[in-house]
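These notes concern the structure reproduced below.
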Amino acid sequence: MDSSDYYIPAVAMMVGLAVKLPGLVKDWRDPLVRTVCLVIALGGAGFFFAAPPTITAVNEATGTANFSSPLVYGIISAFSASCLLLIVHWRGGPPAYVRRVSRRWQAGYALVIVLLVVLFALGDAPADRHTDFDTYYATTPFIREMILLYLVAHMTAALVTTVLCWRWALQVGGWLRAGLWILVVGWLLNLAFSGLKLAAVMARWAGQDWGALSTTLAPLLSALSAPCATVGFLLPLVGPWLVWNWRAARTYRELGPLWRELGYASPRTPLAGPIPWYSSPHVRLTQREAGIQDGLSLVGPWFDGAVRTRAQTEAAAEGRSFDEAARIGRAAMVAAAVRDVRLGLPVDPHALLDHAEISAVRTAPASVSAALRVSPIVAAVRRESPAATPAEDGEKSPR
């Protein structure tokens, strides 16, 4: 594998970590948030320190041949433990049970990491091996045991995590279910990674050379598992947030015609105060909704029920459904009121403010906004003069 095959997954996981950092700062006391960030950070560190250029740099910097091997093994073992801890915290349960299981996994993998260091110190690995350390030293005393311990610990975590995610995915739904199935795929790839490595080592014990399994195929599977792990852990946490903001952005865009229409009634005074350019879609939507409410209060006294009735009748005559015709009628009433405000026409002192009409527009602003944008009936009302909309019996209609 090229160096980019290691560094690209490392960068991808660091991007995932950057996504979670604001949540870590906000909820750093939450063990679930801390563990998610730890999983992503250790996964990225594992790829970074396993890259051949990084291995060379670390070995040269420490002056110890193959120093990167126990370092990488320790990082990957810590990553395995953090994944198990994340599943335990994620799934939850009685606090005492969660603490007990977490401490057992922590203690077990802490012992593994200590033994990795001790076995490396006891062994003799004088020749630097950047890509085939596992198979090259597969028969060396103590180093052999270190390699076997690392692979068994990794396979154990992969197998347990796969089973836990599989069982849990069958019990839940939505974003959590999707994330768990992606994690199952990722950990099956991790299981295949350690399985191929172990097969290559055992082949070396038997005097065979299956080095390609360890140096070519296994790292490729590991690289494929990295985005699965990142997406699987982040999807249930980020997915609902993305949907929430996407819906806010869509509603914000849908309210645009009504926002602009009402803005014509008050060209010198904005409907709402300014907000920072980096505001979230939800904040922008809240600002637009508040501005629309204020705009409706401004033009409400000019609402004319006769305009609404006439436009609704025309829409029904064109074959529109009752609900669609009602939306077109309300949109035409809004357009006529804005037109009258812009022309400076006074409010009829004998007219009554129709709160029901204002409430009807306020409860369904998106549908009124859509009619303002596309309805030719509304466009015609917008262009005509106030004299062209007489009330019945020659009298001004109540508003």
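Labeling convention for the structure tokens: chains A, B, ... as they appear, residues from 1 per chain, ligands from 1 in order of appearance.
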
Go through region 200-270 of chain A and flag each residue having an atom no more than 12 Å from region 90-94 of chain A; for those, report the closest pair of atoms plus their distance in Å to one decimal, using only C-alpha atoms, ordered by chain and rising number, as CSV.
```
residue,atom,partner,partner_atom,distance
A:Phe233,CA,A:Trp90,CA,9.8
A:Leu234,CA,A:Trp90,CA,12.0
A:Pro236,CA,A:Trp90,CA,10.6
A:Leu237,CA,A:Trp90,CA,10.8
```

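For Ala65 (chain A), the set of protein, DNA and RNA residues having any atom at most 8 Å away, when counting only C-alpha atoms and skipping those fewer than 3 positions along the same chain, is A:Asn59, A:Glu60, A:Ala125, A:Pro126, A:Ala127, A:Asp128.
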
Contact residues around Asp132 (chain A) with only C-alpha atoms at 12 Å, ignoring same-chain residues under 6 positions, as a CSV table (one decimal) with N, CA, C and O atoms, in the first residue's frame:
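Below is the file that was written, out.csv:
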```csv
chain,number,residue,atom,x,y,z
A,1,MET,N,0.8,-1.2,0.0
A,1,MET,CA,0.0,0.0,0.0
A,1,MET,C,0.9,1.2,0.0
A,1,MET,O,2.0,1.3,0.6
A,50,ALA,N,1.0,3.9,11.6
A,50,ALA,CA,1.3,2.7,10.9
A,50,ALA,C,1.8,3.0,9.5
A,50,ALA,O,2.3,2.1,8.8
A,52,PRO,N,4.4,3.8,6.6
A,52,PRO,CA,5.8,3.6,6.6
A,52,PRO,C,6.7,4.8,6.8
A,52,PRO,O,7.7,4.7,7.5
A,66,ASN,N,12.5,-0.8,15.2
A,66,ASN,CA,11.2,-1.3,15.3
A,66,ASN,C,10.4,-0.8,16.5
A,66,ASN,O,9.4,-1.4,17.0
A,69,SER,N,6.6,-0.6,16.3
A,69,SER,CA,5.8,-1.8,16.3
A,69,SER,C,5.0,-1.9,17.6
A,69,SER,O,3.7,-1.9,17.6
A,138,ALA,N,7.9,-13.5,13.0
A,138,ALA,CA,6.8,-14.4,13.5
A,138,ALA,C,7.4,-15.6,14.3
A,138,ALA,O,6.6,-16.2,15.1
A,147,ILE,N,3.3,-10.4,18.9
A,147,ILE,CA,2.5,-10.3,17.7
A,147,ILE,C,1.2,-11.1,17.9
A,147,ILE,O,0.1,-10.6,17.6
A,197,LYS,N,-3.8,-11.4,9.0
A,197,LYS,CA,-2.5,-11.3,9.6
A,197,LYS,C,-2.1,-12.5,10.4
A,197,LYS,O,-1.0,-13.0,10.3
A,200,ALA,N,-1.2,-15.3,8.0
A,200,ALA,CA,0.2,-15.2,7.5
A,200,ALA,C,1.2,-15.5,8.5
A,200,ALA,O,2.3,-16.2,8.2
A,201,VAL,N,1.0,-15.2,9.8
A,201,VAL,CA,1.9,-15.5,10.8
A,201,VAL,C,2.0,-17.0,11.0
A,201,VAL,O,3.1,-17.6,11.2
A,204,ARG,N,3.9,-18.7,8.4
A,204,ARG,CA,5.3,-18.6,8.7
A,204,ARG,C,5.8,-19.6,9.7
A,204,ARG,O,6.9,-20.1,9.5
A,209,ASP,N,5.2,-19.0,3.0
A,209,ASP,CA,5.3,-17.6,2.8
A,209,ASP,C,4.0,-17.0,2.3
A,209,ASP,O,3.7,-17.1,1.1
A,210,TRP,N,3.1,-16.6,3.2
A,210,TRP,CA,1.9,-15.9,2.9
A,210,TRP,C,1.9,-14.4,3.2
A,210,TRP,O,1.0,-13.8,3.6
A,211,GLY,N,3.1,-13.8,3.0
A,211,GLY,CA,3.3,-12.5,3.4
A,211,GLY,C,2.4,-11.5,2.8
A,211,GLY,O,2.1,-10.4,3.3
A,212,ALA,N,1.9,-11.8,1.5
A,212,ALA,CA,1.0,-10.8,0.8
A,212,ALA,C,-0.3,-10.6,1.6
A,212,ALA,O,-0.9,-9.5,1.5
A,213,LEU,N,-0.7,-11.6,2.3
A,213,LEU,CA,-1.9,-11.5,3.1
A,213,LEU,C,-1.7,-10.4,4.2
A,213,LEU,O,-2.7,-9.6,4.4
A,214,SER,N,-0.6,-10.4,4.8
A,214,SER,CA,-0.3,-9.4,5.8
A,214,SER,C,0.1,-8.0,5.4
A,214,SER,O,-0.3,-7.0,6.0
A,215,THR,N,0.8,-8.0,4.3
A,215,THR,CA,1.4,-6.7,3.9
A,215,THR,C,0.6,-6.0,2.8
A,215,THR,O,0.7,-4.7,2.6
A,216,THR,N,-0.3,-6.7,2.1
A,216,THR,CA,-1.1,-6.1,1.0
A,216,THR,C,-2.6,-6.1,1.3
A,216,THR,O,-3.2,-5.0,1.3
A,218,ALA,N,-4.4,-7.3,4.0
A,218,ALA,CA,-4.9,-6.9,5.4
A,218,ALA,C,-5.0,-5.4,5.5
A,218,ALA,O,-6.0,-4.8,6.0
A,219,PRO,N,-3.9,-4.6,5.2
A,219,PRO,CA,-4.0,-3.2,5.3
A,219,PRO,C,-5.1,-2.6,4.4
A,219,PRO,O,-5.7,-1.5,4.8
```

With a distance cut-off of 8 Å and only C-alpha atoms, select the neighbouring residues of region 340-348 of chain A, excluding the residue or stretch itself and same-chain residues fewer than 2 positions from it, and output the selection as a PDB file with N, CA, C and O atoms, in the first residue's frame.
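result.pdb written:
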```pdb
ATOM      1  N   TYR A 264     -42.050  44.309   1.064  1.00  0.00           N
ATOM      2  CA  TYR A 264     -42.400  45.445   0.205  1.00  0.00           C
ATOM      3  C   TYR A 264     -43.269  46.457   0.938  1.00  0.00           C
ATOM      4  O   TYR A 264     -43.302  47.634   0.579  1.00  0.00           O
ATOM      5  N   ALA A 265     -44.006  45.988   1.964  1.00  0.00           N
ATOM      6  CA  ALA A 265     -44.882  46.889   2.712  1.00  0.00           C
ATOM      7  C   ALA A 265     -44.104  47.793   3.653  1.00  0.00           C
ATOM      8  O   ALA A 265     -44.626  48.800   4.131  1.00  0.00           O
ATOM      9  N   SER A 266     -42.865  47.436   3.939  1.00  0.00           N
ATOM     10  CA  SER A 266     -42.028  48.234   4.849  1.00  0.00           C
ATOM     11  C   SER A 266     -40.612  48.299   4.297  1.00  0.00           C
ATOM     12  O   SER A 266     -39.675  47.734   4.883  1.00  0.00           O
ATOM     13  N   VAL A 299     -49.637  44.460   7.940  1.00  0.00           N
ATOM     14  CA  VAL A 299     -50.579  44.583   6.823  1.00  0.00           C
ATOM     15  C   VAL A 299     -51.956  44.033   7.160  1.00  0.00           C
ATOM     16  O   VAL A 299     -52.894  44.189   6.364  1.00  0.00           O
ATOM     17  N   PRO A 301     -54.446  44.983   9.066  1.00  0.00           N
ATOM     18  CA  PRO A 301     -55.605  45.888   8.982  1.00  0.00           C
ATOM     19  C   PRO A 301     -56.100  46.124   7.564  1.00  0.00           C
ATOM     20  O   PRO A 301     -57.238  46.581   7.377  1.00  0.00           O
ATOM     21  N   TRP A 302     -55.299  45.849   6.560  1.00  0.00           N
ATOM     22  CA  TRP A 302     -55.693  46.062   5.161  1.00  0.00           C
ATOM     23  C   TRP A 302     -56.258  44.761   4.524  1.00  0.00           C
ATOM     24  O   TRP A 302     -56.587  44.773   3.348  1.00  0.00           O
ATOM     25  N   ALA A 336     -52.835  41.872  -1.998  1.00  0.00           N
ATOM     26  CA  ALA A 336     -53.636  43.092  -2.105  1.00  0.00           C
ATOM     27  C   ALA A 336     -53.374  44.023  -0.925  1.00  0.00           C
ATOM     28  O   ALA A 336     -53.289  45.251  -1.090  1.00  0.00           O
ATOM     29  N   ALA A 337     -53.225  43.453   0.288  1.00  0.00           N
ATOM     30  CA  ALA A 337     -52.956  44.284   1.457  1.00  0.00           C
ATOM     31  C   ALA A 337     -51.596  44.965   1.349  1.00  0.00           C
ATOM     32  O   ALA A 337     -51.451  46.161   1.657  1.00  0.00           O
ATOM     33  N   VAL A 338     -50.594  44.231   0.890  1.00  0.00           N
ATOM     34  CA  VAL A 338     -49.270  44.831   0.710  1.00  0.00           C
ATOM     35  C   VAL A 338     -49.329  45.935  -0.333  1.00  0.00           C
ATOM     36  O   VAL A 338     -48.729  47.010  -0.171  1.00  0.00           O
ATOM     37  N   HIS A 350     -64.295  52.134   9.534  1.00  0.00           N
ATOM     38  CA  HIS A 350     -65.475  51.347   9.904  1.00  0.00           C
ATOM     39  C   HIS A 350     -65.237  49.847   9.740  1.00  0.00           C
ATOM     40  O   HIS A 350     -66.099  49.043  10.091  1.00  0.00           O
ATOM     41  N   ALA A 351     -64.042  49.498   9.178  1.00  0.00           N
ATOM     42  CA  ALA A 351     -63.758  48.078   8.964  1.00  0.00           C
ATOM     43  C   ALA A 351     -63.259  47.427  10.250  1.00  0.00           C
ATOM     44  O   ALA A 351     -62.609  48.072  11.084  1.00  0.00           O
ATOM     45  N   PRO A 386     -56.584  49.177  -6.686  1.00  0.00           N
ATOM     46  CA  PRO A 386     -57.585  48.905  -5.642  1.00  0.00           C
ATOM     47  C   PRO A 386     -59.003  49.085  -6.135  1.00  0.00           C
ATOM     48  O   PRO A 386     -59.913  48.394  -5.683  1.00  0.00           O
TER      49      PRO A 386
END
```

Residues within 9 Å of Val72 (chain A), only C-alpha atoms, excluding chain neighbours under 6 positions, as a list in words: Ala45, Gly46, Phe47, Phe49 and Ala50 of chain A

Could you save the residues just selected, with all heavy atoms, as a compact mmCIF listing (two decimals), in the first residue's frame?
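Resulting contents of out-v4.txt:
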```
# COMPACT_ATOMS: atom_id res chain seq x y z
N ALA A 45 -4.97 7.97 14.78
CA ALA A 45 -3.57 7.82 15.21
C ALA A 45 -3.01 6.48 14.76
O ALA A 45 -1.83 6.39 14.38
CB ALA A 45 -3.49 7.95 16.73
N GLY A 46 -3.84 5.43 14.80
CA GLY A 46 -3.37 4.12 14.36
C GLY A 46 -2.92 4.13 12.91
O GLY A 46 -1.86 3.59 12.57
N PHE A 47 -3.71 4.75 12.04
CA PHE A 47 -3.32 4.83 10.63
C PHE A 47 -2.10 5.72 10.44
O PHE A 47 -1.20 5.41 9.64
CB PHE A 47 -4.49 5.37 9.79
CG PHE A 47 -5.49 4.32 9.44
CD1 PHE A 47 -6.71 4.24 10.10
CD2 PHE A 47 -5.22 3.40 8.45
CE1 PHE A 47 -7.64 3.27 9.78
CE2 PHE A 47 -6.14 2.41 8.11
CZ PHE A 47 -7.34 2.35 8.79
N PHE A 49 0.42 6.44 12.55
CA PHE A 49 1.67 5.85 13.03
C PHE A 49 2.01 4.53 12.34
O PHE A 49 3.15 4.06 12.43
CB PHE A 49 1.62 5.65 14.54
CG PHE A 49 1.79 6.92 15.32
CD1 PHE A 49 0.69 7.57 15.85
CD2 PHE A 49 3.04 7.48 15.48
CE1 PHE A 49 0.84 8.75 16.57
CE2 PHE A 49 3.22 8.66 16.20
CZ PHE A 49 2.11 9.31 16.73
N ALA A 50 1.03 3.94 11.62
CA ALA A 50 1.30 2.72 10.87
C ALA A 50 1.83 3.00 9.47
O ALA A 50 2.28 2.07 8.79
CB ALA A 50 0.04 1.86 10.79
```

- request: Mind listing the helix (DSSP H, G or I) residues of region 126-179 of chain A, per DSSP on the backbone, as a PyMOL selection string?
  value: chain A and resi 133-136+143-169+174-179

Limited to N, CA and C atoms, could you put the picked residues into a file as a CSV table (one decimal), in the first residue's frame?
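File out35.csv, as written:
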```
chain,number,residue,atom,x,y,z
A,133,PHE,N,6.8,-6.6,9.5
A,133,PHE,CA,7.2,-6.9,10.9
A,133,PHE,C,6.6,-8.2,11.4
A,134,ASP,N,5.3,-8.3,11.1
A,134,ASP,CA,4.5,-9.5,11.7
A,134,ASP,C,5.1,-10.8,11.2
A,135,THR,N,5.3,-10.9,9.9
A,135,THR,CA,5.8,-12.2,9.3
A,135,THR,C,7.3,-12.4,9.5
A,136,TYR,N,8.0,-11.3,9.4
A,136,TYR,CA,9.5,-11.4,9.5
A,136,TYR,C,9.9,-11.9,10.9
A,143,ILE,N,9.0,-11.8,20.6
A,143,ILE,CA,8.4,-11.0,19.6
A,143,ILE,C,7.2,-11.7,19.0
A,144,ARG,N,7.4,-13.0,18.9
A,144,ARG,CA,6.3,-13.9,18.4
A,144,ARG,C,5.1,-13.8,19.3
A,145,GLU,N,5.3,-13.9,20.6
A,145,GLU,CA,4.2,-13.8,21.5
A,145,GLU,C,3.6,-12.4,21.5
A,146,MET,N,4.4,-11.4,21.3
A,146,MET,CA,3.9,-10.0,21.3
A,146,MET,C,2.9,-9.9,20.1
A,147,ILE,N,3.3,-10.4,18.9
A,147,ILE,CA,2.5,-10.3,17.7
A,147,ILE,C,1.2,-11.1,17.9
A,148,LEU,N,1.3,-12.3,18.5
A,148,LEU,CA,0.1,-13.1,18.7
A,148,LEU,C,-0.8,-12.5,19.7
A,149,LEU,N,-0.3,-11.9,20.8
A,149,LEU,CA,-1.1,-11.2,21.7
A,149,LEU,C,-1.9,-10.1,21.1
A,150,TYR,N,-1.2,-9.3,20.3
A,150,TYR,CA,-1.8,-8.1,19.6
A,150,TYR,C,-3.0,-8.6,18.7
A,151,LEU,N,-2.7,-9.6,17.9
A,151,LEU,CA,-3.7,-10.1,17.0
A,151,LEU,C,-4.9,-10.7,17.7
A,152,VAL,N,-4.7,-11.5,18.7
A,152,VAL,CA,-5.8,-12.1,19.5
A,152,VAL,C,-6.6,-11.0,20.2
A,153,ALA,N,-6.0,-10.0,20.7
A,153,ALA,CA,-6.7,-8.9,21.4
A,153,ALA,C,-7.5,-8.1,20.4
A,154,HIS,N,-7.0,-7.9,19.2
A,154,HIS,CA,-7.7,-7.2,18.2
A,154,HIS,C,-8.9,-8.0,17.6
A,155,MET,N,-8.7,-9.3,17.4
A,155,MET,CA,-9.7,-10.2,17.0
A,155,MET,C,-10.9,-10.3,18.0
A,156,THR,N,-10.5,-10.3,19.3
A,156,THR,CA,-11.5,-10.4,20.3
A,156,THR,C,-12.4,-9.2,20.3
A,157,ALA,N,-11.8,-8.0,20.2
A,157,ALA,CA,-12.6,-6.8,20.2
A,157,ALA,C,-13.5,-6.7,19.0
A,158,ALA,N,-12.9,-7.1,17.8
A,158,ALA,CA,-13.7,-7.1,16.6
A,158,ALA,C,-14.9,-8.1,16.6
A,159,LEU,N,-14.6,-9.2,17.2
A,159,LEU,CA,-15.7,-10.2,17.2
A,159,LEU,C,-16.8,-9.8,18.2
A,160,VAL,N,-16.4,-9.3,19.4
A,160,VAL,CA,-17.4,-8.9,20.4
A,160,VAL,C,-18.2,-7.7,19.9
A,161,THR,N,-17.5,-6.8,19.3
A,161,THR,CA,-18.2,-5.6,18.9
A,161,THR,C,-19.1,-5.9,17.7
A,162,THR,N,-18.7,-6.8,16.8
A,162,THR,CA,-19.6,-7.2,15.7
A,162,THR,C,-20.9,-7.8,16.3
A,163,VAL,N,-20.7,-8.7,17.2
A,163,VAL,CA,-21.9,-9.4,17.8
A,163,VAL,C,-22.8,-8.5,18.5
A,164,LEU,N,-22.2,-7.6,19.3
A,164,LEU,CA,-23.0,-6.6,20.1
A,164,LEU,C,-23.8,-5.7,19.1
A,165,CYS,N,-23.1,-5.2,18.1
A,165,CYS,CA,-23.8,-4.3,17.1
A,165,CYS,C,-24.8,-5.0,16.4
A,166,TRP,N,-24.6,-6.2,16.0
A,166,TRP,CA,-25.5,-7.0,15.2
A,166,TRP,C,-26.8,-7.2,16.0
A,167,ARG,N,-26.7,-7.7,17.3
A,167,ARG,CA,-27.8,-7.9,18.1
A,167,ARG,C,-28.6,-6.6,18.4
A,168,TRP,N,-27.9,-5.6,18.6
A,168,TRP,CA,-28.5,-4.3,19.0
A,168,TRP,C,-29.3,-3.7,17.7
A,169,ALA,N,-28.7,-3.9,16.5
A,169,ALA,CA,-29.3,-3.4,15.3
A,169,ALA,C,-30.6,-4.1,15.1
A,174,GLY,N,-34.2,3.5,12.8
A,174,GLY,CA,-33.8,4.9,12.5
A,174,GLY,C,-32.3,5.0,12.3
A,175,TRP,N,-31.8,6.1,12.6
A,175,TRP,CA,-30.4,6.4,12.5
A,175,TRP,C,-29.5,5.5,13.3
A,176,LEU,N,-29.9,5.1,14.4
A,176,LEU,CA,-29.1,4.2,15.3
A,176,LEU,C,-29.0,2.9,14.6
A,177,ARG,N,-30.0,2.3,14.0
A,177,ARG,CA,-30.0,1.1,13.3
A,177,ARG,C,-29.0,1.2,12.1
A,178,ALA,N,-29.1,2.2,11.3
A,178,ALA,CA,-28.2,2.4,10.2
A,178,ALA,C,-26.8,2.5,10.6
A,179,GLY,N,-26.5,3.2,11.7
A,179,GLY,CA,-25.1,3.3,12.2
A,179,GLY,C,-24.6,2.0,12.7
```

Between CA of Gly16 (chain A) and CA of Ile40 (chain A) - distance in Å to one decimal: 7.0 Å

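Counting only C-alpha atoms, the residue from A:Leu198, A:Val118, A:Ala51, A:Val231 that sits nearest to Trp181 (chain A) is A:Val231.
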
statement: CA of Ala81 (chain A) to CA of Thr64 (chain A) measures 26.9 Å

With 12 Å as the cut-off and only C-alpha atoms counted, what is the closest atom pair between each nearby residue of region 62-103 of chain A and region 223-230 of chain A? Distances in Å to one decimal, ordered by chain and number, as a Markdown table.
```
| residue | atom | partner | partner_atom | distance |
| --- | --- | --- | --- | --- |
| A:Phe79 | CA | A:Ala229 | CA | 11.1 |
| A:Ser80 | CA | A:Ala229 | CA | 11.4 |
| A:Cys83 | CA | A:Ala229 | CA | 9.3 |
| A:Leu86 | CA | A:Ala229 | CA | 11.8 |
```

Would you output that residue set with all heavy atoms, as a PDB file, in the first residue's frame?
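Contents of the output file part.pdb:
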```
ATOM      1  N   PHE A  79      -7.492   1.427  20.780  1.00  0.00           N
ATOM      2  CA  PHE A  79      -8.638   1.676  19.914  1.00  0.00           C
ATOM      3  C   PHE A  79      -9.678   0.573  20.076  1.00  0.00           C
ATOM      4  O   PHE A  79     -10.887   0.842  20.168  1.00  0.00           O
ATOM      5  CB  PHE A  79      -8.172   1.765  18.460  1.00  0.00           C
ATOM      6  CG  PHE A  79      -9.282   1.769  17.449  1.00  0.00           C
ATOM      7  CD1 PHE A  79     -10.045   2.908  17.233  1.00  0.00           C
ATOM      8  CD2 PHE A  79      -9.566   0.627  16.706  1.00  0.00           C
ATOM      9  CE1 PHE A  79     -11.075   2.913  16.302  1.00  0.00           C
ATOM     10  CE2 PHE A  79     -10.590   0.618  15.772  1.00  0.00           C
ATOM     11  CZ  PHE A  79     -11.342   1.768  15.564  1.00  0.00           C
ATOM     12  N   SER A  80      -9.222  -0.670  20.111  1.00  0.00           N
ATOM     13  CA  SER A  80     -10.145  -1.791  20.291  1.00  0.00           C
ATOM     14  C   SER A  80     -10.896  -1.667  21.611  1.00  0.00           C
ATOM     15  O   SER A  80     -12.120  -1.868  21.682  1.00  0.00           O
ATOM     16  CB  SER A  80      -9.376  -3.113  20.244  1.00  0.00           C
ATOM     17  OG  SER A  80      -8.707  -3.272  19.003  1.00  0.00           O
ATOM     18  N   CYS A  83     -13.523   1.111  21.521  1.00  0.00           N
ATOM     19  CA  CYS A  83     -14.721   0.721  20.782  1.00  0.00           C
ATOM     20  C   CYS A  83     -15.652  -0.120  21.657  1.00  0.00           C
ATOM     21  O   CYS A  83     -16.880   0.075  21.648  1.00  0.00           O
ATOM     22  CB  CYS A  83     -14.341  -0.062  19.528  1.00  0.00           C
ATOM     23  SG  CYS A  83     -13.600   0.947  18.226  1.00  0.00           S
ATOM     24  N   LEU A  86     -17.254   2.182  24.083  1.00  0.00           N
ATOM     25  CA  LEU A  86     -18.274   3.003  23.454  1.00  0.00           C
ATOM     26  C   LEU A  86     -19.581   2.235  23.304  1.00  0.00           C
ATOM     27  O   LEU A  86     -20.664   2.768  23.593  1.00  0.00           O
ATOM     28  CB  LEU A  86     -17.786   3.482  22.086  1.00  0.00           C
ATOM     29  CG  LEU A  86     -18.794   4.313  21.276  1.00  0.00           C
ATOM     30  CD1 LEU A  86     -19.255   5.516  22.081  1.00  0.00           C
ATOM     31  CD2 LEU A  86     -18.177   4.759  19.962  1.00  0.00           C
TER      32      LEU A  86
END
```

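Between CA of Pro53 (chain A) and CA of Val39 (chain A) the separation is 23.4 Å.
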
field: Polymer residues at most 9 Å from region 376-383 of chain A, only C-alpha atoms, same-chain spacing of 5 or more positions, as a ChimeraX atom specification
entry: /A:307,311,314-315,328-329,331-333,335-336,338-339,371,388-389

What does the file look like for those residues with N, CA and C atoms, as a tab-separated table (two decimals), in the first residue's frame?
```tsv
chain	number	residue	atom	x	y	z
A	307	VAL	N	-61.49	40.25	-1.44
A	307	VAL	CA	-60.39	39.87	-2.32
A	307	VAL	C	-60.12	38.37	-2.18
A	311	ALA	N	-60.67	35.58	-5.26
A	311	ALA	CA	-59.54	34.78	-5.75
A	311	ALA	C	-59.79	33.30	-5.51
A	314	GLU	N	-62.21	32.07	-8.17
A	314	GLU	CA	-61.54	31.90	-9.46
A	314	GLU	C	-60.69	30.63	-9.47
A	315	ALA	N	-59.99	30.38	-8.38
A	315	ALA	CA	-59.16	29.17	-8.32
A	315	ALA	C	-60.01	27.91	-8.37
A	328	ILE	N	-54.72	29.99	-2.24
A	328	ILE	CA	-54.59	31.04	-3.25
A	328	ILE	C	-55.38	32.29	-2.83
A	329	GLY	N	-56.56	32.07	-2.26
A	329	GLY	CA	-57.35	33.21	-1.78
A	329	GLY	C	-56.62	34.00	-0.70
A	331	ALA	N	-53.36	34.08	-0.18
A	331	ALA	CA	-52.19	34.72	-0.78
A	331	ALA	C	-52.59	35.98	-1.54
A	332	ALA	N	-53.72	35.91	-2.25
A	332	ALA	CA	-54.19	37.11	-2.97
A	332	ALA	C	-54.55	38.22	-1.99
A	333	MET	N	-55.14	37.85	-0.86
A	333	MET	CA	-55.49	38.85	0.16
A	333	MET	C	-54.24	39.51	0.72
A	335	ALA	N	-51.31	39.79	-0.88
A	335	ALA	CA	-50.74	40.61	-1.94
A	335	ALA	C	-51.50	41.92	-2.08
A	336	ALA	N	-52.84	41.87	-2.00
A	336	ALA	CA	-53.64	43.09	-2.11
A	336	ALA	C	-53.37	44.02	-0.92
A	338	VAL	N	-50.59	44.23	0.89
A	338	VAL	CA	-49.27	44.83	0.71
A	338	VAL	C	-49.33	45.93	-0.33
A	339	ARG	N	-50.07	45.70	-1.40
A	339	ARG	CA	-50.21	46.72	-2.45
A	339	ARG	C	-50.86	47.98	-1.89
A	371	ALA	N	-48.17	29.91	-2.93
A	371	ALA	CA	-49.16	30.51	-3.82
A	371	ALA	C	-48.72	31.89	-4.29
A	388	ALA	N	-60.23	48.11	-8.74
A	388	ALA	CA	-60.67	46.95	-9.50
A	388	ALA	C	-61.21	45.84	-8.62
A	389	THR	N	-61.24	46.04	-7.31
A	389	THR	CA	-61.75	45.01	-6.40
A	389	THR	C	-62.88	45.55	-5.55
```

field: Shell around Val361 (chain A) at 9 Å using only C-alpha atoms, local window under 3 positions removed, as a ChimeraX atom specification
entry: /A:296,327,330-331,334,356-358,364-365,367-368

Export N, CA and C atoms of the chosen residues as a short mmCIF file (atom, residue, chain, number, x, y, z; two decimals), in the first residue's frame?
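Printed below is result.cif as written:
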```
data_model
loop_
_atom_site.label_atom_id
_atom_site.label_comp_id
_atom_site.auth_asym_id
_atom_site.auth_seq_id
_atom_site.Cartn_x
_atom_site.Cartn_y
_atom_site.Cartn_z
N LEU A 296 -47.17 40.37 9.01
CA LEU A 296 -48.61 40.13 8.95
C LEU A 296 -49.36 41.06 9.89
N ARG A 327 -55.78 28.47 -0.15
CA ARG A 327 -54.42 29.04 -0.04
C ARG A 327 -54.22 30.17 -1.04
N ARG A 330 -56.03 33.30 0.26
CA ARG A 330 -55.29 34.01 1.31
C ARG A 330 -54.06 34.72 0.75
N ALA A 331 -53.36 34.08 -0.18
CA ALA A 331 -52.19 34.72 -0.78
C ALA A 331 -52.59 35.98 -1.54
N VAL A 334 -53.18 38.71 0.95
CA VAL A 334 -51.92 39.29 1.43
C VAL A 334 -51.33 40.22 0.39
N ALA A 356 -59.32 36.25 12.39
CA ALA A 356 -59.35 34.88 11.87
C ALA A 356 -58.55 34.76 10.58
N GLU A 357 -58.62 35.79 9.73
CA GLU A 357 -57.86 35.77 8.48
C GLU A 357 -56.36 35.82 8.75
N ILE A 358 -55.97 36.69 9.68
CA ILE A 358 -54.55 36.79 10.04
C ILE A 358 -54.06 35.47 10.61
N ALA A 364 -50.35 28.68 8.39
CA ALA A 364 -49.86 27.96 7.20
C ALA A 364 -49.09 28.90 6.29
N PRO A 365 -48.01 29.50 6.80
CA PRO A 365 -47.29 30.50 5.99
C PRO A 365 -46.61 29.90 4.76
N SER A 367 -47.61 27.43 2.77
CA SER A 367 -48.54 27.24 1.66
C SER A 367 -48.94 28.56 1.03
N VAL A 368 -49.13 29.60 1.85
CA VAL A 368 -49.42 30.93 1.31
C VAL A 368 -48.22 31.45 0.52
#
```
